[in-house]
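Visitor: Contents of data22.cif (mmCIF, C-alpha atoms) are below:
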```cif
data_input
#
loop_
_atom_site.label_atom_id
_atom_site.label_comp_id
_atom_site.auth_asym_id
_atom_site.auth_seq_id
_atom_site.Cartn_x
_atom_site.Cartn_y
_atom_site.Cartn_z
CA MET A 1 -27.80 -41.99 0.25
CA THR A 2 -30.15 -43.32 2.86
CA ARG A 3 -28.44 -44.96 5.83
CA VAL A 4 -30.11 -47.22 8.37
CA ARG A 5 -29.57 -45.99 11.92
CA ILE A 6 -30.14 -47.38 15.37
CA ASP A 7 -29.68 -45.65 18.74
CA LEU A 8 -29.82 -47.73 21.89
CA PHE A 9 -29.34 -47.12 25.59
CA SER A 10 -27.40 -49.64 27.64
CA SER A 11 -26.07 -50.09 31.13
CA LEU A 12 -22.42 -51.09 31.66
CA ASP A 13 -23.55 -54.69 31.93
CA GLY A 14 -25.36 -54.60 28.60
CA TYR A 15 -28.99 -54.21 29.65
CA THR A 16 -31.64 -51.80 28.55
CA ALA A 17 -34.89 -51.28 30.41
CA ALA A 18 -37.56 -53.85 29.61
CA PRO A 19 -40.76 -51.91 28.89
CA ASP A 20 -44.04 -53.25 30.23
CA PRO A 21 -46.97 -51.54 28.46
CA MET A 22 -49.36 -52.89 31.06
CA ALA A 23 -47.57 -51.33 34.03
CA ASP A 24 -48.22 -47.95 35.60
CA ASN A 25 -44.70 -46.94 34.55
CA PRO A 26 -44.53 -48.58 31.12
CA MET A 27 -40.82 -47.87 30.53
CA GLY A 28 -39.85 -49.32 33.91
CA GLU A 29 -37.92 -47.79 36.79
CA ASP A 30 -34.56 -48.37 35.08
CA TRP A 31 -35.37 -46.16 32.09
CA GLY A 32 -34.79 -42.96 34.05
CA PRO A 33 -31.23 -43.73 35.20
CA LEU A 34 -30.42 -45.18 31.76
CA THR A 35 -31.44 -42.03 29.92
CA ALA A 36 -30.79 -39.35 32.55
CA ALA A 37 -27.82 -37.83 30.71
CA TYR A 38 -29.81 -37.65 27.47
CA ALA A 39 -32.86 -36.18 29.18
CA ALA A 40 -30.60 -33.44 30.53
CA THR A 41 -29.45 -32.25 27.10
CA ARG A 42 -30.71 -29.07 25.55
CA THR A 43 -32.03 -30.91 22.50
CA PHE A 44 -34.01 -33.50 24.46
CA ARG A 45 -35.42 -30.88 26.78
CA GLN A 46 -36.64 -28.98 23.76
CA LYS A 47 -37.75 -31.81 21.48
CA VAL A 48 -39.23 -34.21 24.01
CA PHE A 49 -40.21 -32.04 26.95
CA GLY A 50 -41.12 -28.89 24.99
CA ASP A 51 -38.71 -26.76 27.03
CA THR A 52 -38.05 -23.73 24.82
CA SER A 53 -35.92 -21.89 27.38
CA GLY A 54 -32.66 -23.17 25.88
CA ALA A 55 -31.72 -24.83 29.16
CA GLY A 56 -29.89 -28.16 29.18
CA THR A 57 -26.40 -29.57 28.77
CA THR A 58 -24.41 -28.66 25.65
CA GLY A 59 -21.48 -31.08 25.73
CA VAL A 60 -20.81 -34.50 24.23
CA ASP A 61 -24.21 -35.93 25.20
CA GLU A 62 -25.87 -32.99 23.46
CA SER A 63 -23.94 -33.60 20.24
CA TYR A 64 -25.35 -37.14 20.08
CA ALA A 65 -28.81 -35.94 21.07
CA ALA A 66 -28.79 -33.31 18.31
CA ALA A 67 -27.67 -35.90 15.76
CA PHE A 68 -30.45 -38.20 16.91
CA PHE A 69 -33.08 -35.73 15.72
CA THR A 70 -31.41 -34.84 12.44
CA GLY A 71 -31.89 -36.37 9.02
CA VAL A 72 -34.43 -39.13 9.68
CA GLY A 73 -37.01 -39.53 6.91
CA ALA A 74 -38.77 -42.68 8.06
CA GLU A 75 -38.88 -44.83 11.17
CA ILE A 76 -39.43 -48.55 11.77
CA MET A 77 -40.47 -49.93 15.15
CA GLY A 78 -41.76 -53.09 16.74
CA ALA A 79 -45.40 -53.49 17.67
CA ALA A 80 -44.59 -53.23 21.38
CA MET A 81 -42.92 -49.86 20.93
CA PHE A 82 -46.02 -48.56 19.21
CA GLY A 83 -48.09 -49.98 22.02
CA LEU A 84 -50.11 -52.30 19.85
CA HIS A 85 -50.38 -54.94 22.55
CA ALA A 86 -51.94 -52.53 25.04
CA ASN A 87 -55.25 -52.43 23.15
CA PRO A 88 -55.07 -55.22 20.59
CA ASP A 89 -58.78 -55.31 19.87
CA ASP A 90 -59.38 -51.57 19.50
CA PRO A 91 -59.03 -50.58 15.82
CA ASP A 92 -59.03 -46.90 16.83
CA TRP A 93 -56.12 -47.25 19.28
CA LYS A 94 -53.40 -44.83 18.17
CA GLY A 95 -50.59 -46.21 20.28
CA TRP A 96 -49.09 -44.85 23.44
CA TRP A 97 -47.24 -41.92 21.86
CA GLY A 98 -50.13 -39.53 22.44
CA ASP A 99 -51.77 -37.05 20.08
CA GLU A 100 -48.46 -35.53 18.94
CA PRO A 101 -45.96 -38.34 18.40
CA PRO A 102 -42.39 -36.98 18.15
CA PHE A 103 -41.51 -38.63 14.81
CA GLY A 104 -42.60 -36.19 12.10
CA CYS A 105 -42.25 -38.80 9.38
CA PRO A 106 -43.80 -42.11 8.24
CA VAL A 107 -43.50 -44.78 10.95
CA TYR A 108 -43.65 -48.44 9.94
CA VAL A 109 -44.89 -50.66 12.77
CA LEU A 110 -43.92 -54.32 12.45
CA THR A 111 -46.77 -56.59 13.41
CA HIS A 112 -48.02 -60.08 12.77
CA SER A 113 -51.55 -59.19 13.78
CA ALA A 114 -54.42 -58.59 11.37
CA PRO A 115 -54.04 -55.77 8.82
CA ARG A 116 -54.86 -52.32 10.21
CA PRO A 117 -55.41 -49.09 8.32
CA SER A 118 -52.69 -46.45 8.50
CA ILE A 119 -53.17 -43.66 11.04
CA ALA A 120 -52.27 -40.10 10.08
CA MET A 121 -51.27 -37.98 13.08
CA VAL A 122 -50.16 -34.35 13.28
CA ASN A 123 -46.74 -32.97 12.32
CA GLY A 124 -46.16 -35.43 9.49
CA THR A 125 -46.31 -38.61 11.54
CA THR A 126 -48.25 -41.44 9.90
CA PHE A 127 -48.31 -44.93 11.37
CA HIS A 128 -48.30 -47.80 8.88
CA PHE A 129 -48.69 -51.42 9.98
CA ARG A 130 -46.68 -54.01 8.10
CA SER A 131 -46.36 -57.78 8.46
CA GLY A 132 -43.87 -58.50 5.67
CA ALA A 133 -40.20 -59.42 5.90
CA ILE A 134 -38.02 -56.74 7.48
CA GLU A 135 -36.17 -56.31 4.18
CA GLU A 136 -39.44 -55.46 2.43
CA VAL A 137 -40.47 -53.02 5.12
CA LEU A 138 -37.03 -51.43 5.01
CA ALA A 139 -37.30 -51.00 1.23
CA GLU A 140 -40.63 -49.25 1.63
CA ALA A 141 -39.31 -47.06 4.43
CA THR A 142 -36.23 -46.20 2.38
CA ALA A 143 -38.39 -45.09 -0.53
CA ALA A 144 -40.53 -43.01 1.82
CA ALA A 145 -37.47 -41.42 3.44
CA GLY A 146 -36.71 -39.48 0.25
CA GLY A 147 -32.95 -39.67 0.62
CA LEU A 148 -32.94 -39.10 4.36
CA ASP A 149 -32.09 -41.88 6.81
CA VAL A 150 -34.27 -44.68 8.13
CA ARG A 151 -34.20 -45.15 11.86
CA VAL A 152 -34.95 -48.50 13.43
CA GLY A 153 -36.37 -47.07 16.60
CA GLY A 154 -36.77 -50.17 18.73
CA GLY A 155 -37.44 -52.00 20.86
CA VAL A 156 -34.18 -53.73 21.35
CA ARG A 157 -35.39 -57.04 19.87
CA THR A 158 -36.42 -55.29 16.67
CA ALA A 159 -33.07 -53.50 16.60
CA GLN A 160 -31.24 -56.81 17.00
CA GLU A 161 -33.26 -58.35 14.19
CA PHE A 162 -32.02 -55.65 11.81
CA LEU A 163 -28.46 -55.79 13.17
CA ARG A 164 -28.18 -59.55 12.79
CA ALA A 165 -29.55 -59.33 9.25
CA GLY A 166 -26.71 -56.92 8.40
CA LEU A 167 -29.14 -54.13 7.53
CA VAL A 168 -27.75 -51.43 9.84
CA ASP A 169 -25.19 -48.84 8.73
CA ASP A 170 -24.91 -46.78 11.91
CA LEU A 171 -25.35 -48.03 15.45
CA HIS A 172 -24.97 -45.71 18.41
CA VAL A 173 -25.10 -47.07 21.94
CA GLY A 174 -25.18 -44.66 24.87
CA ILE A 175 -23.86 -46.58 27.87
CA ALA A 176 -24.83 -45.14 31.25
CA PRO A 177 -22.25 -45.81 33.98
CA ILE A 178 -24.61 -47.96 36.00
CA VAL A 179 -25.06 -51.70 36.55
CA LEU A 180 -28.64 -52.91 36.07
CA ALA A 181 -28.29 -56.70 36.15
CA ARG A 182 -31.72 -57.04 34.61
CA GLY A 183 -33.74 -55.98 31.59
CA ASN A 184 -33.40 -56.73 27.90
CA ARG A 185 -29.90 -57.60 26.72
CA VAL A 186 -28.58 -55.15 24.13
CA TRP A 187 -25.66 -57.02 22.58
CA ASP A 188 -26.76 -60.62 22.15
CA ASP A 189 -25.44 -62.49 19.13
CA LEU A 190 -23.54 -59.59 17.58
CA ARG A 191 -20.09 -61.18 17.80
CA GLY A 192 -17.56 -59.53 15.51
CA LEU A 193 -19.60 -56.41 14.76
CA GLU A 194 -16.29 -54.52 14.98
CA HIS A 195 -15.13 -56.38 11.86
CA THR A 196 -17.97 -55.14 9.61
CA HIS A 197 -18.21 -51.67 11.16
CA ARG A 198 -15.69 -49.09 12.32
CA VAL A 199 -15.92 -48.54 16.08
CA THR A 200 -15.52 -45.29 18.01
CA THR A 201 -15.70 -44.78 21.77
CA GLU A 202 -16.06 -41.50 23.60
CA VAL A 203 -16.95 -40.41 27.14
CA ALA A 204 -19.23 -37.46 27.85
CA GLU A 205 -18.96 -35.04 30.74
CA SER A 206 -21.80 -36.99 32.37
CA GLY A 207 -19.74 -40.17 32.39
CA THR A 208 -21.93 -41.66 29.66
CA ILE A 209 -19.93 -43.76 27.20
CA HIS A 210 -20.88 -43.28 23.56
CA VAL A 211 -20.03 -46.17 21.25
CA THR A 212 -20.66 -46.00 17.51
CA PHE A 213 -20.42 -48.68 14.84
CA THR A 214 -20.26 -47.27 11.31
CA ARG A 215 -20.35 -49.23 8.09
CA GLU A 216 -18.19 -47.39 5.59
CA GLU A 217 -19.71 -48.95 2.48
CA GLN A 218 -23.13 -47.85 1.34
CA ARG A 219 -25.68 -50.61 1.16
CA MET B 1 -4.55 -48.65 54.62
CA THR B 2 -4.80 -51.78 52.58
CA ARG B 3 -7.39 -51.63 49.81
CA VAL B 4 -8.80 -54.60 47.95
CA ARG B 5 -8.39 -54.26 44.19
CA ILE B 6 -9.70 -56.06 41.15
CA ASP B 7 -8.80 -55.50 37.49
CA LEU B 8 -10.90 -57.18 34.81
CA PHE B 9 -11.00 -57.20 31.04
CA SER B 10 -14.37 -57.10 29.30
CA SER B 11 -15.82 -56.82 25.82
CA LEU B 12 -18.53 -54.24 25.08
CA ASP B 13 -21.09 -56.95 25.65
CA GLY B 14 -19.74 -57.84 29.07
CA TYR B 15 -17.77 -60.98 28.38
CA THR B 16 -14.25 -61.94 29.29
CA ALA B 17 -12.41 -64.85 27.73
CA ALA B 18 -13.23 -68.22 29.28
CA PRO B 19 -9.91 -69.94 29.97
CA ASP B 20 -9.65 -73.65 29.27
CA PRO B 21 -6.57 -75.06 31.00
CA MET B 22 -6.86 -78.27 29.01
CA ALA B 23 -6.69 -76.54 25.62
CA ASP B 24 -3.61 -75.83 23.53
CA ASN B 25 -4.36 -72.13 23.96
CA PRO B 26 -5.48 -72.07 27.59
CA MET B 27 -6.57 -68.42 27.61
CA GLY B 28 -8.68 -68.89 24.50
CA GLU B 29 -8.63 -67.04 21.19
CA ASP B 30 -10.59 -64.10 22.60
CA TRP B 31 -7.95 -63.21 25.19
CA GLY B 32 -5.69 -61.57 22.60
CA PRO B 33 -8.24 -59.08 21.22
CA LEU B 34 -9.51 -58.39 24.77
CA THR B 35 -6.07 -57.46 26.07
CA ALA B 36 -4.36 -56.14 22.93
CA ALA B 37 -4.32 -52.51 24.09
CA TYR B 38 -2.82 -53.52 27.43
CA ALA B 39 -0.25 -55.80 25.85
CA ALA B 40 0.88 -52.82 23.75
CA THR B 41 1.71 -50.62 26.75
CA ARG B 42 5.26 -49.94 27.80
CA THR B 43 4.65 -51.34 31.27
CA PHE B 44 3.16 -54.63 30.06
CA ARG B 45 5.86 -55.08 27.45
CA GLN B 46 8.43 -54.68 30.18
CA LYS B 47 6.79 -56.52 33.06
CA VAL B 48 5.16 -59.39 31.22
CA PHE B 49 7.19 -59.79 28.04
CA GLY B 50 10.60 -58.72 29.44
CA ASP B 51 11.01 -56.03 26.79
CA THR B 52 13.55 -53.63 28.30
CA SER B 53 13.77 -51.42 25.20
CA GLY B 54 11.26 -48.91 26.56
CA ALA B 55 8.99 -49.50 23.57
CA GLY B 56 5.22 -49.47 23.98
CA THR B 57 2.33 -47.05 24.27
CA THR B 58 2.48 -44.31 26.91
CA GLY B 59 -1.07 -42.94 26.96
CA VAL B 60 -4.16 -43.66 29.00
CA ASP B 61 -3.84 -47.44 28.72
CA GLU B 62 -0.28 -47.17 30.04
CA SER B 63 -1.42 -45.19 33.07
CA TYR B 64 -3.74 -48.03 34.06
CA ALA B 65 -1.11 -50.65 33.27
CA ALA B 66 1.46 -48.87 35.45
CA ALA B 67 -1.04 -48.62 38.30
CA PHE B 68 -1.79 -52.31 37.93
CA PHE B 69 1.77 -53.20 38.93
CA THR B 70 2.07 -50.71 41.78
CA GLY B 71 1.37 -51.20 45.47
CA VAL B 72 0.17 -54.81 45.63
CA GLY B 73 1.40 -56.70 48.69
CA ALA B 74 -0.59 -59.91 48.35
CA GLU B 75 -2.74 -61.61 45.75
CA ILE B 76 -5.74 -63.93 45.92
CA MET B 77 -6.79 -66.13 43.00
CA GLY B 78 -9.06 -69.02 42.20
CA ALA B 79 -7.71 -72.52 41.78
CA ALA B 80 -8.32 -72.43 38.03
CA MET B 81 -6.19 -69.31 37.62
CA PHE B 82 -3.33 -71.04 39.41
CA GLY B 83 -3.87 -74.04 37.16
CA LEU B 84 -4.64 -76.46 39.94
CA HIS B 85 -7.09 -78.45 37.86
CA ALA B 86 -4.53 -79.13 35.14
CA ASN B 87 -2.61 -81.58 37.33
CA PRO B 88 -4.82 -82.27 40.33
CA ASP B 89 -2.97 -85.38 41.45
CA ASP B 90 0.59 -84.07 41.16
CA PRO B 91 1.69 -82.61 44.53
CA ASP B 92 4.75 -81.10 42.84
CA TRP B 93 2.74 -79.18 40.21
CA LYS B 94 3.63 -75.51 40.54
CA GLY B 95 0.82 -74.12 38.41
CA TRP B 96 0.90 -72.77 34.90
CA TRP B 97 2.71 -69.51 35.68
CA GLY B 98 6.13 -71.01 34.99
CA ASP B 99 9.32 -70.79 37.01
CA GLU B 100 9.14 -67.03 37.43
CA PRO B 101 5.55 -66.04 38.24
CA PRO B 102 4.98 -62.30 37.82
CA PHE B 103 3.52 -61.68 41.30
CA GLY B 104 6.45 -60.95 43.60
CA CYS B 105 4.32 -61.37 46.71
CA PRO B 106 2.37 -64.02 48.62
CA VAL B 107 -0.38 -65.53 46.47
CA TYR B 108 -3.36 -67.18 48.15
CA VAL B 109 -4.97 -69.83 45.96
CA LEU B 110 -8.59 -70.63 46.86
CA THR B 111 -9.26 -74.35 46.66
CA HIS B 112 -11.59 -76.94 48.09
CA SER B 113 -9.18 -79.78 47.34
CA ALA B 114 -6.99 -81.51 49.92
CA PRO B 115 -4.45 -79.38 51.81
CA ARG B 116 -1.23 -78.72 49.89
CA PRO B 117 2.05 -77.35 51.18
CA SER B 118 2.97 -73.80 50.20
CA ILE B 119 5.32 -73.38 47.24
CA ALA B 120 8.08 -70.76 47.40
CA MET B 121 9.07 -69.47 43.96
CA VAL B 122 11.62 -66.85 42.94
CA ASN B 123 11.23 -63.08 43.23
CA GLY B 124 9.14 -63.18 46.40
CA THR B 125 6.25 -65.20 45.03
CA THR B 126 4.94 -67.87 47.38
CA PHE B 127 1.79 -69.84 46.60
CA HIS B 128 -0.39 -70.70 49.59
CA PHE B 129 -3.47 -72.92 49.25
CA ARG B 130 -6.46 -72.06 51.36
CA SER B 131 -9.91 -73.62 51.68
CA GLY B 132 -11.46 -71.29 54.27
CA ALA B 133 -14.08 -68.57 53.80
CA ILE B 134 -13.03 -65.74 51.51
CA GLU B 135 -13.20 -63.31 54.44
CA GLU B 136 -10.65 -65.42 56.35
CA VAL B 137 -8.34 -65.67 53.38
CA LEU B 138 -8.66 -61.93 52.80
CA ALA B 139 -7.74 -61.25 56.45
CA GLU B 140 -4.63 -63.39 56.10
CA ALA B 141 -3.70 -61.74 52.79
CA THR B 142 -4.26 -58.29 54.28
CA ALA B 143 -1.90 -59.09 57.15
CA ALA B 144 0.68 -60.41 54.70
CA ALA B 145 0.38 -57.33 52.47
CA GLY B 146 2.02 -55.16 55.11
CA GLY B 147 -0.02 -52.08 54.41
CA LEU B 148 0.04 -52.51 50.63
CA ASP B 149 -3.05 -53.53 48.67
CA VAL B 150 -4.54 -56.98 48.17
CA ARG B 151 -5.38 -57.84 44.60
CA VAL B 152 -8.09 -60.36 43.80
CA GLY B 153 -6.49 -61.53 40.59
CA GLY B 154 -9.19 -63.73 39.15
CA GLY B 155 -10.71 -65.56 37.51
CA VAL B 156 -13.85 -63.65 36.99
CA ARG B 157 -15.95 -65.96 39.18
CA THR B 158 -13.57 -65.43 42.09
CA ALA B 159 -13.67 -61.69 41.45
CA GLN B 160 -17.48 -61.72 41.47
CA GLU B 161 -17.51 -63.66 44.75
CA PHE B 162 -15.52 -60.87 46.40
CA LEU B 163 -17.54 -58.13 44.72
CA ARG B 164 -20.88 -59.56 45.77
CA ALA B 165 -19.63 -59.96 49.33
CA GLY B 166 -18.86 -56.23 49.39
CA LEU B 167 -15.16 -56.85 49.97
CA VAL B 168 -13.77 -54.83 47.05
CA ASP B 169 -12.67 -51.19 47.35
CA ASP B 170 -11.38 -50.60 43.82
CA LEU B 171 -12.63 -52.24 40.65
CA HIS B 172 -11.14 -51.38 37.28
CA VAL B 173 -12.66 -52.81 34.11
CA GLY B 174 -10.86 -52.32 30.80
CA ILE B 175 -13.51 -52.65 28.08
CA ALA B 176 -12.16 -53.46 24.63
CA PRO B 177 -14.31 -52.05 21.79
CA ILE B 178 -15.24 -55.49 20.51
CA VAL B 179 -18.30 -57.73 20.73
CA LEU B 180 -17.54 -61.30 21.82
CA ALA B 181 -20.99 -62.78 22.44
CA ARG B 182 -19.41 -65.62 24.40
CA GLY B 183 -17.18 -66.27 27.35
CA ASN B 184 -17.58 -65.63 31.05
CA ARG B 185 -19.92 -62.80 32.00
CA VAL B 186 -18.16 -60.01 33.89
CA TRP B 187 -21.03 -58.08 35.44
CA ASP B 188 -23.58 -60.61 36.66
CA ASP B 189 -25.49 -59.79 39.81
CA LEU B 190 -23.74 -56.49 40.57
CA ARG B 191 -26.84 -54.29 40.27
CA GLY B 192 -26.40 -50.91 41.90
CA LEU B 193 -22.61 -51.07 42.27
CA GLU B 194 -22.64 -47.37 41.33
CA HIS B 195 -24.46 -46.65 44.58
CA THR B 196 -21.76 -48.08 46.86
CA HIS B 197 -18.81 -46.96 44.72
CA ARG B 198 -17.94 -43.79 42.82
CA VAL B 199 -17.78 -44.46 39.07
CA THR B 200 -15.40 -42.96 36.53
CA THR B 201 -15.28 -43.60 32.78
CA GLU B 202 -12.46 -42.71 30.40
CA VAL B 203 -11.51 -43.66 26.85
CA ALA B 204 -7.91 -44.38 25.85
CA GLU B 205 -6.27 -43.56 22.53
CA SER B 206 -6.74 -47.24 21.62
CA GLY B 207 -10.51 -46.96 22.01
CA THR B 208 -10.41 -49.02 25.20
CA ILE B 209 -12.94 -47.81 27.77
CA HIS B 210 -11.65 -47.71 31.33
CA VAL B 211 -14.29 -47.88 34.05
CA THR B 212 -13.42 -47.63 37.72
CA PHE B 213 -15.55 -48.16 40.81
CA THR B 214 -14.02 -46.69 43.97
CA ARG B 215 -15.34 -47.08 47.50
CA GLU B 216 -14.53 -43.90 49.35
CA GLU B 217 -14.86 -45.35 52.83
CA GLN B 218 -12.15 -47.61 54.15
CA ARG B 219 -13.26 -51.08 55.05
#
```
Take the structure in the file and give it back as structure tokens.
Guide:
Amino acid sequence: MTRVRIDLFSSLDGYTAAPDPMADNPMGEDWGPLTAAYAATRTFRQKVFGDTSGAGTTGVDESYAAAFFTGVGAEIMGAAMFGLHANPDDPDWKGWWGDEPPFGCPVYVLTHSAPRPSIAMVNGTTFHFRSGAIEEVLAEATAAAGGLDVRVGGGVRTAQEFLRAGLVDDLHVGIAPIVLARGNRVWDDLRGLEHTHRVTTEVAESGTIHVTFTREEQR
Amino acid sequence: MTRVRIDLFSSLDGYTAAPDPMADNPMGEDWGPLTAAYAATRTFRQKVFGDTSGAGTTGVDESYAAAFFTGVGAEIMGAAMFGLHANPDDPDWKGWWGDEPPFGCPVYVLTHSAPRPSIAMVNGTTFHFRSGAIEEVLAEATAAAGGLDVRVGGGVRTAQEFLRAGLVDDLHVGIAPIVLARGNRVWDDLRGLEHTHRVTTEVAESGTIHVTFTREEQR
């Protein structure tokens, strides 16, 4: 059965980096410290950085990183995460993920802007632009996932929209042991999530705290 | 050497219960879930509830609970934590800690109200009321601690005042695996605390996440 998954990065004080597509460093200076332990894993080095040497950490962080890349058949993301706002008037703009986006599956981009044609990229990634209700988009993504999972990839506001609507089966938050005091708040308005989902907590060798919320019942 | 210590309870989303001294349940309904793992430890059952049976958990939570009660020679707290606002016009009001407060040392209550005489309680607890700068009160508490540590006991706003002033050597935050979405924010304005203090993270059998910030240099 398809499950709906979200992975988020947070600081101890509940912030994730606030991306700014217009800036020179669109993910912001806080993204590096937030994701440093993940970037050091063998899986991320291979999948994201193309490092085929096998180098990278192999502990608890790696187990979450490996799971991150396994079993996703479709992805949903907000318009900002695609980069739609960076070139709103260019119908040929393919987002800021480059010529080889790392998804390898259909990606549904939520947008309220005018309809845009889908964009087929390499390696199985196709961007679709949808303006319907999130439940409708999720139904389409679920059908496209062919029994694999649907990931709600972000940003954090899109993730919260799905969480608050009760649409998420598996939430994983990787909490870096740092205090940011600024950014986008990860946890807003999720009071009592531990009552609808089973919670686990675990600390990696890096000091990163991994929290998971798992809904036992299938949707 | 005396070190300045703070212990706080937090939810995953960075909230601690907001006490309301005027309410029937002055610590609020969230205090129980926040502190449940601590209340279950052998040390807390003995020290706070008077349970001399030896019952209670003996794992990671217990190790922090035992440390909590060790080596404190003086305590500093805000007026609200003493309960000063509950009976502001009664000079005989001894706070809401009852006839046998659990401190066993001098307690310095920060207040901007009119001077009040000190109150000697049983078991070595004496409440002193001070309206000076926190650095002055800390100097007096340090002298009174006789080489033991000074605890800044709370509430969270008082704790933050000391943290932001760079006066705290050891911070321990016990994070319960729950989402509150309301209360007093624990972490505000502490960006970069991991640069001045060494951070450790650890998960207890209860799922509680223990985070410590330790300043290596003596003040």
Visitor: (-3.8, -50.3, 49.0) in this file's frame - what residues fall within 6 Å of it? Use only C-alpha atoms and give the answer as a PyMOL selection string.
Guide: chain B and resi 1-3+148-149
Visitor: Using the selection just defined, write its residues with C-alpha atoms as a PDB file, keeping the file's coordinate frame.
Guide:
```pdb
ATOM      1  CA  MET B   1      -4.550 -48.650  54.620  1.00  0.00           C
ATOM      2  CA  THR B   2      -4.800 -51.780  52.580  1.00  0.00           C
ATOM      3  CA  ARG B   3      -7.390 -51.630  49.810  1.00  0.00           C
ATOM      4  CA  LEU B 148       0.040 -52.510  50.630  1.00  0.00           C
ATOM      5  CA  ASP B 149      -3.050 -53.530  48.670  1.00  0.00           C
TER       6      ASP B 149
END
```
Visitor: Counting only C-alpha atoms, what is within 7 Å of A:Thr41, bar same-chain residues fewer than 4 positions away, as a ChimeraX atom specification?
Guide: /A:37,45,56-58,61-62
Visitor: Select, as a PyMOL selection string, those residues of chain A with any atom no more than 9 Å from chain B (distances computed using all atoms listed in the file).
Guide: chain A and resi 12-14+177-182+185-195+199-204+207-209+211
Visitor: List the neighbours of A:Trp93 out to 12 Å using all atoms listed in the file; skip same-chain residues closer than 2 positions along the sequence, and give me the result as a list in words.
Guide: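 Result of the neighbour search: Phe82, Gly83, Leu84, His85, Ala86, Asn87, Pro88, Asp89, Asp90, Pro91, Gly95, Trp96, Trp97, Gly98, Asp99, Arg116, Pro117, Ser118, Ile119 and Phe127 of chain A.
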Visitor: Go ahead and compute the interatomic distance for atom CA of B:Cys105 and atom CA of B:His197, in Å to one decimal.
Guide: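 It comes out at 27.3 Å.
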Visitor: Given the file shown, enumerate the residues that the PyMOL selection byres ((chain A and resi 81) around 12) captures and present them as a PDB file with C-alpha atoms, in the frame of the given file.
Guide:
```pdb
ATOM      1  CA  ALA A  18     -37.560 -53.850  29.610  1.00  0.00           C
ATOM      2  CA  PRO A  19     -40.760 -51.910  28.890  1.00  0.00           C
ATOM      3  CA  ASP A  20     -44.040 -53.250  30.230  1.00  0.00           C
ATOM      4  CA  PRO A  21     -46.970 -51.540  28.460  1.00  0.00           C
ATOM      5  CA  PRO A  26     -44.530 -48.580  31.120  1.00  0.00           C
ATOM      6  CA  MET A  27     -40.820 -47.870  30.530  1.00  0.00           C
ATOM      7  CA  GLU A  75     -38.880 -44.830  11.170  1.00  0.00           C
ATOM      8  CA  ILE A  76     -39.430 -48.550  11.770  1.00  0.00           C
ATOM      9  CA  MET A  77     -40.470 -49.930  15.150  1.00  0.00           C
ATOM     10  CA  GLY A  78     -41.760 -53.090  16.740  1.00  0.00           C
ATOM     11  CA  ALA A  79     -45.400 -53.490  17.670  1.00  0.00           C
ATOM     12  CA  ALA A  80     -44.590 -53.230  21.380  1.00  0.00           C
ATOM     13  CA  PHE A  82     -46.020 -48.560  19.210  1.00  0.00           C
ATOM     14  CA  GLY A  83     -48.090 -49.980  22.020  1.00  0.00           C
ATOM     15  CA  LEU A  84     -50.110 -52.300  19.850  1.00  0.00           C
ATOM     16  CA  HIS A  85     -50.380 -54.940  22.550  1.00  0.00           C
ATOM     17  CA  ALA A  86     -51.940 -52.530  25.040  1.00  0.00           C
ATOM     18  CA  LYS A  94     -53.400 -44.830  18.170  1.00  0.00           C
ATOM     19  CA  GLY A  95     -50.590 -46.210  20.280  1.00  0.00           C
ATOM     20  CA  TRP A  96     -49.090 -44.850  23.440  1.00  0.00           C
ATOM     21  CA  TRP A  97     -47.240 -41.920  21.860  1.00  0.00           C
ATOM     22  CA  VAL A 107     -43.500 -44.780  10.950  1.00  0.00           C
ATOM     23  CA  TYR A 108     -43.650 -48.440   9.940  1.00  0.00           C
ATOM     24  CA  VAL A 109     -44.890 -50.660  12.770  1.00  0.00           C
ATOM     25  CA  LEU A 110     -43.920 -54.320  12.450  1.00  0.00           C
ATOM     26  CA  THR A 111     -46.770 -56.590  13.410  1.00  0.00           C
ATOM     27  CA  VAL A 152     -34.950 -48.500  13.430  1.00  0.00           C
ATOM     28  CA  GLY A 153     -36.370 -47.070  16.600  1.00  0.00           C
ATOM     29  CA  GLY A 154     -36.770 -50.170  18.730  1.00  0.00           C
ATOM     30  CA  GLY A 155     -37.440 -52.000  20.860  1.00  0.00           C
ATOM     31  CA  VAL A 156     -34.180 -53.730  21.350  1.00  0.00           C
ATOM     32  CA  ARG A 157     -35.390 -57.040  19.870  1.00  0.00           C
ATOM     33  CA  THR A 158     -36.420 -55.290  16.670  1.00  0.00           C
ATOM     34  CA  ALA A 159     -33.070 -53.500  16.600  1.00  0.00           C
TER      35      ALA A 159
END
```
Visitor: Hey, what comes out of the PyMOL selection byres ((chain A and resi 162-170) around 6) on this file? Could you write it as a count of residues only?
Guide: 10
Visitor: Would you compute, for all listed atoms of stretch 69-83 of chain B, the axis-aligned bounding box grown by 6 Å on each side, and then report its centre and edge lengths in Å rounded to one decimal, as AutoDock Vina command-line options?
Guide:
```
--center_x -3.5 --center_y -62.4 --center_z 42.9 --size_x 23.1 --size_y 35.3 --size_z 23.5
```
Visitor: Running the PyMOL selection byres ((chain B and resi 64) around 10) on this model by hand, what would come out? Give it as a list in words.
Guide: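 Evaluating the PyMOL selection byres ((chain B and resi 64) around 10) on this file yields Asp7, Tyr38, Thr41, Thr43, Gly59, Val60, Asp61, Glu62, Ser63, Ala65, Ala66, Ala67, Phe68, Phe69, His172, Gly174, Ala204 and His210 of chain B.
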